[in-house]
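Notes to accompany the following structure.
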Amino acid sequence: MLQSLTIHQAPSLKPLTTAHLAQTMSLLELNCFELSQKIQSELARNPALELREERCCPICNRPLSVDGPCPQCSLPKSNLPEEPIVFVSPSTDFRINYDYDESESDTIDERTASSSEDLATYVLRQIMLELDPEDRHIAAFILTNLNDDGLLDISPAEIAHYYHIPLTRVENVRHLIQHADPIGVGSKSPQEALLVQLEVLKETMQVPTHAFTIINDGIELLYHHQFDKLSRLIGASLQETHKIVDFIKNNLNPFPARSHWGDIHIGEDSKPTTYSAPDVIINLLNDSIESPFVVEIISPFSGSLQVNPLFRQALCQAPPEKIEEWKLDLERADLLVKCIQQRAHTMMRLMYHLTKLQRNFILFGDGYLNPITRASIAEELGVHESTISRAVSNKVVQLPNGHLIPMEKFFDRSLQIRTMIKQIIDQEPFPYSDNEIVDILKQKGFIVARRTVAKYRAMEKILPSHLRQKRTCKHSHEKTIFSRSSKQVSTTHSE
DNA sequence: CTATGGCACGGATT
DNA sequence: AATCCGTGCCATAG
């Protein structure tokens, strides 16, 4: 009964031609942002394609009277937590229009060519409503001058001077930006970013009393891991200090633009952390962990993409010399629409299964990751594994806790054991050797080779046992968190 | 002698 | 077919 998804007979999924198949494949591997670009360029060049403002279900093209999933096409609703509700969200406007004056555009265009474009767009979209239209160009200017860490390299005073406006106006805009996601973006320094994050955090949860002091006055000490001086500064025990530092490390991020890559940021230097907006957003229906997931597949356009019916009509009256061309355009548009539907369809089914299988991981974190392979999902869905590969690649998923992770993480075979090792070592009464860790894992039912433990340990940047301190300084391996230089990968760890 | 890192091989995965 | 990953063997550091 699990398989009886109504989605299978979603209308308008006609038999596939080879052309159709080929294009579906290529669309599948695009993420939301890339797809949006593709659609825009196609809209620009193909008159047969039309984007209607009216919202329609991207699968079946039925008009949607209200926001939310299409009653026909969304996967079955039920109150069982195991049954996620998956739908394509047509509501998100992903269009990359800044709406700035022509006069400003050259300043921005040359900047937006860089990798910061997606982040800028993403943030701007969030603050658009609260932003005074007058201040748009200021926001755009700030956002396009962020560095890769999401920090502002030029001073607000310069901006004020540049636009001949009062500094307070710039600061107001910046304030708005800082409180958008990723929180702290647009700060002048890691310190400021941390402070903003702390402020925001304070509204929803309890923060250690001294965290504020540490960041404000002890930031230098924090950078250099001088915990002893730090504890003196706030007048707390070393242990308490460590606790607070842990809190800071776990909940705050000095480089906002990187926050989204969470713990995956080991990413090679070849790929300068490019920011992406999520392609899929997972939420809980209510906030209770009992309730089912609500999974939104983000569609890059609002409204509905379709073949322009007027164009189709006009075809019969087309001038003879144009008729071939028009016909081609029509077919092309038709194909694209179908392929996008197909893509949405596949993504929905994929996420449906994925969220079901990885429910615990999504809710409780890395330690609960179910080691699954793309192949196994492919079999379950009855599609080729390469389809899954493409669908998974390049995609970013937003979890209920707000973290963004690459979708590939759902298929990480070793993550579960890696986090267990981390846990074991965090709680160890004395430094365990790799062999001992193997034994502990064996007791828990995970059989891995000693060599593998060593590799995982290296991946997590945990020092070998004889270099780990006893009790007092168990946080020693957590250094390098705040130092930007340590971007090296595990492999080379020379003596 | 023990614990760990390097290299490399083979099987699984994509 | 190409790539990634776990593992075994051996050298070396402590």
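Lettering and numbering for the structure tokens are positional, with chains as A, B, ... in the shown order, residues counted from 1 in each chain, and ligands counted from 1 in the shown order.
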Within 9 Å of chain B, which residues of chain A are there when counting only C-alpha atoms (C1' of nucleotides)? Please give them as a short mmCIF file (atom, residue, chain, number, x, y, z; two decimals) with C-alpha atoms, in the first residue's frame.
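See selection_24.cif below for the written result:
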data_model
loop_
_atom_site.label_atom_id
_atom_site.label_comp_id
_atom_site.auth_asym_id
_atom_site.auth_seq_id
_atom_site.Cartn_x
_atom_site.Cartn_y
_atom_site.Cartn_z
CA THR A 373 22.67 3.99 -1.85
CA ARG A 374 21.37 5.74 -4.88
CA ALA A 375 20.92 2.36 -6.45
CA GLU A 385 20.18 4.86 -11.06
CA SER A 386 21.65 7.56 -13.18
CA SER A 389 22.34 10.47 -9.47
CA SER A 433 43.29 3.94 20.68
CA ASP A 434 41.85 3.18 17.29
CA ASN A 435 41.67 -0.49 18.15
CA ARG A 451 42.24 1.22 9.55
CA ALA A 454 41.79 5.87 11.65
CA PRO A 464 45.50 10.38 17.33
CA SER A 465 45.04 9.09 20.82
CA HIS A 466 48.52 9.77 22.12
CA HIS A 493 48.69 15.03 7.65
CA SER A 494 52.40 14.93 7.80
#
- [ ] Up to 10 Å from chain A, what residues of chain C turn up? Count only C-alpha atoms (C1' of nucleotides) and give them as a list in words.
- [x] DC5, DG6, DT7, DG8, DA13 and DG14 of chain C
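DSSP secondary structure from the backbone places Val396, Val397, Gln398, Leu404, Ile405 and Pro406 of chain A of range 372-407 of chain A in strand (DSSP E or B).
Coordinates place CA of His345 in chain A at a distance of 24.1 Å from CA of Asn46 in chain A.
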Open item on the list: With DSSP run on the backbone, what are the helix (DSSP H, G or I) residues within range 128-333 of chain A? I'd like them as a PyMOL selection string.
Closed with: chain A and resi 133-144+156-163+167-178+190-204+211-217+219-223+227-234+238-251+256-264+309-317+320-333
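Residues in contact with Ile244 in chain A at 12 Å, where only C-alpha atoms (C1' of nucleotides) are counted and same-chain residues fewer than 3 positions away are skipped, are listed as Gln206, Val207, Pro208, Thr209, His210, Ala211, Phe212, Thr213, Ile214, Ile215, Leu222, Phe227, Leu230, Ser231, Ile234, Ala236, Ser237, Leu238, Gln239, Glu240, Thr241, Phe247, Ile248, Lys249, Asn250, Asn251, Leu252 and His475 of chain A.
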Requested write-out: C-alpha atoms of the selected residues, as a PDB file, in the first residue's frame:
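Result went into result25.pdb, see below:
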ATOM      1  CA  GLN A 206      18.513  30.402  26.182  1.00  0.00           C
ATOM      2  CA  VAL A 207      22.074  31.477  25.623  1.00  0.00           C
ATOM      3  CA  PRO A 208      24.878  31.292  28.153  1.00  0.00           C
ATOM      4  CA  THR A 209      25.175  34.543  30.027  1.00  0.00           C
ATOM      5  CA  HIS A 210      28.795  35.078  29.237  1.00  0.00           C
ATOM      6  CA  ALA A 211      28.675  34.265  25.566  1.00  0.00           C
ATOM      7  CA  PHE A 212      28.060  37.893  24.864  1.00  0.00           C
ATOM      8  CA  THR A 213      31.041  38.979  26.901  1.00  0.00           C
ATOM      9  CA  ILE A 214      33.311  36.461  25.315  1.00  0.00           C
ATOM     10  CA  ILE A 215      32.549  37.621  21.820  1.00  0.00           C
ATOM     11  CA  LEU A 222      38.801  33.034  21.450  1.00  0.00           C
ATOM     12  CA  PHE A 227      40.740  29.491  27.307  1.00  0.00           C
ATOM     13  CA  LEU A 230      39.059  33.685  28.756  1.00  0.00           C
ATOM     14  CA  SER A 231      37.798  32.050  31.886  1.00  0.00           C
ATOM     15  CA  ILE A 234      34.368  36.172  32.517  1.00  0.00           C
ATOM     16  CA  ALA A 236      34.060  31.378  35.431  1.00  0.00           C
ATOM     17  CA  SER A 237      35.704  28.017  35.734  1.00  0.00           C
ATOM     18  CA  LEU A 238      37.638  26.562  32.851  1.00  0.00           C
ATOM     19  CA  GLN A 239      35.021  23.935  32.415  1.00  0.00           C
ATOM     20  CA  GLU A 240      32.235  26.455  32.173  1.00  0.00           C
ATOM     21  CA  THR A 241      34.249  28.431  29.709  1.00  0.00           C
ATOM     22  CA  PHE A 247      27.939  26.697  22.516  1.00  0.00           C
ATOM     23  CA  ILE A 248      29.454  29.371  20.356  1.00  0.00           C
ATOM     24  CA  LYS A 249      31.078  26.844  18.146  1.00  0.00           C
ATOM     25  CA  ASN A 250      27.922  24.854  17.683  1.00  0.00           C
ATOM     26  CA  ASN A 251      25.411  27.607  17.225  1.00  0.00           C
ATOM     27  CA  LEU A 252      27.217  30.518  15.727  1.00  0.00           C
ATOM     28  CA  HIS A 475      38.524  20.339  23.300  1.00  0.00           C
TER      29      HIS A 475
END
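Separating CA of Leu330 in chain A from CA of Ala48 in chain A is a distance of 5.4 Å.
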Open item on the list: Could you check the closest approach to Leu131 in chain A for each of A:Asn172, A:Lys444, A:Phe255, A:Lys229 and tell me which residue wins, using only C-alpha atoms?
Closed with: A:Asn172
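From CA of Glu380 in chain A back to CA of Gln358 in chain A, the distance works out to 14.6 Å.
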